[in-house]
Amino acid sequence: TLLATGGVLVAGGFGSTYVSSAEIYDPATGTFSFTGNMHTPRYYQTATLLPGGKVLVAGGLGVNAPLASAEVYDPDTGLFTPTPSMGTARYFDTATLLNSGEVLMAGGWDLGDSGLVTAELFSGDP
């Protein structure tokens, strides 16, 4: 996720295990630096830059189960703060910032690897 500073937040993923760490990529120097850990390891999540400069990281797959959890990254502190859970655990979904500042999370997959036809809104910029 491109931050206002020009750095890029890279959070979570999967290697030999699920990853909770996050790094900032600096395109000017071509280097990565550790910034903190999410509360929940996840991959296939969405990450959306919010109007105030924070990043909503939501859903994804964690420990072989879809997640309904979300957290917000604050680039000023390097900390992730859990937010209220989503209504539906989902991964491979889309997240779109609306003009209202809300984030529309739609579709994706659920625990039974079934395609979801639901959507929900994240409101607020903590």
# chains A, B, ... in the order shown; residues from 1 in each chain; ligands from 1
>>> residues_around(residues="segment 101-108 of chain A", least_positions_apart="2", cutoff="9 Å", atoms="only C-alpha atoms", output="PyMOL selection string")
chain A and resi 46+48+50-51+56+58+90-99+110+114-125
>>> residues_around(residues="Met38 of chain A", least_positions_apart="3", cutoff="12 Å", atoms="only C-alpha atoms", output="ChimeraX atom specification")
/A:10-13,18-23,34-35,41-43,55-58,62,69-74,78-83
>>> select_by_dssp(residues="segment 52-121 of chain A", states="strand (DSSP E)", output="PyMOL selection string")
chain A and resi 55-58+61-62+65-66+70-74+79-82+94-97+103-106+119-121
>>> closest_residue(among="A:Leu111, A:Lys54, A:Gly6, A:Thr31", to="Thr77 of chain A", atoms="only C-alpha atoms")
A:Lys54
>>> closest_residue(among="A:Asn37, A:Asn64, A:Gln45, A:Thr1", to="Thr17 of chain A", atoms="only C-alpha atoms")
A:Asn64
>>> closest_residue(among="A:Gly53, A:Gly30, A:Pro66, A:Gly60", to="Gly112 of chain A", atoms="only C-alpha atoms")
A:Pro66
>>> atom_distance(atom1="atom CA of Pro27 of chain A", atom2="atom CA of Leu61 of chain A")
28.0 Å
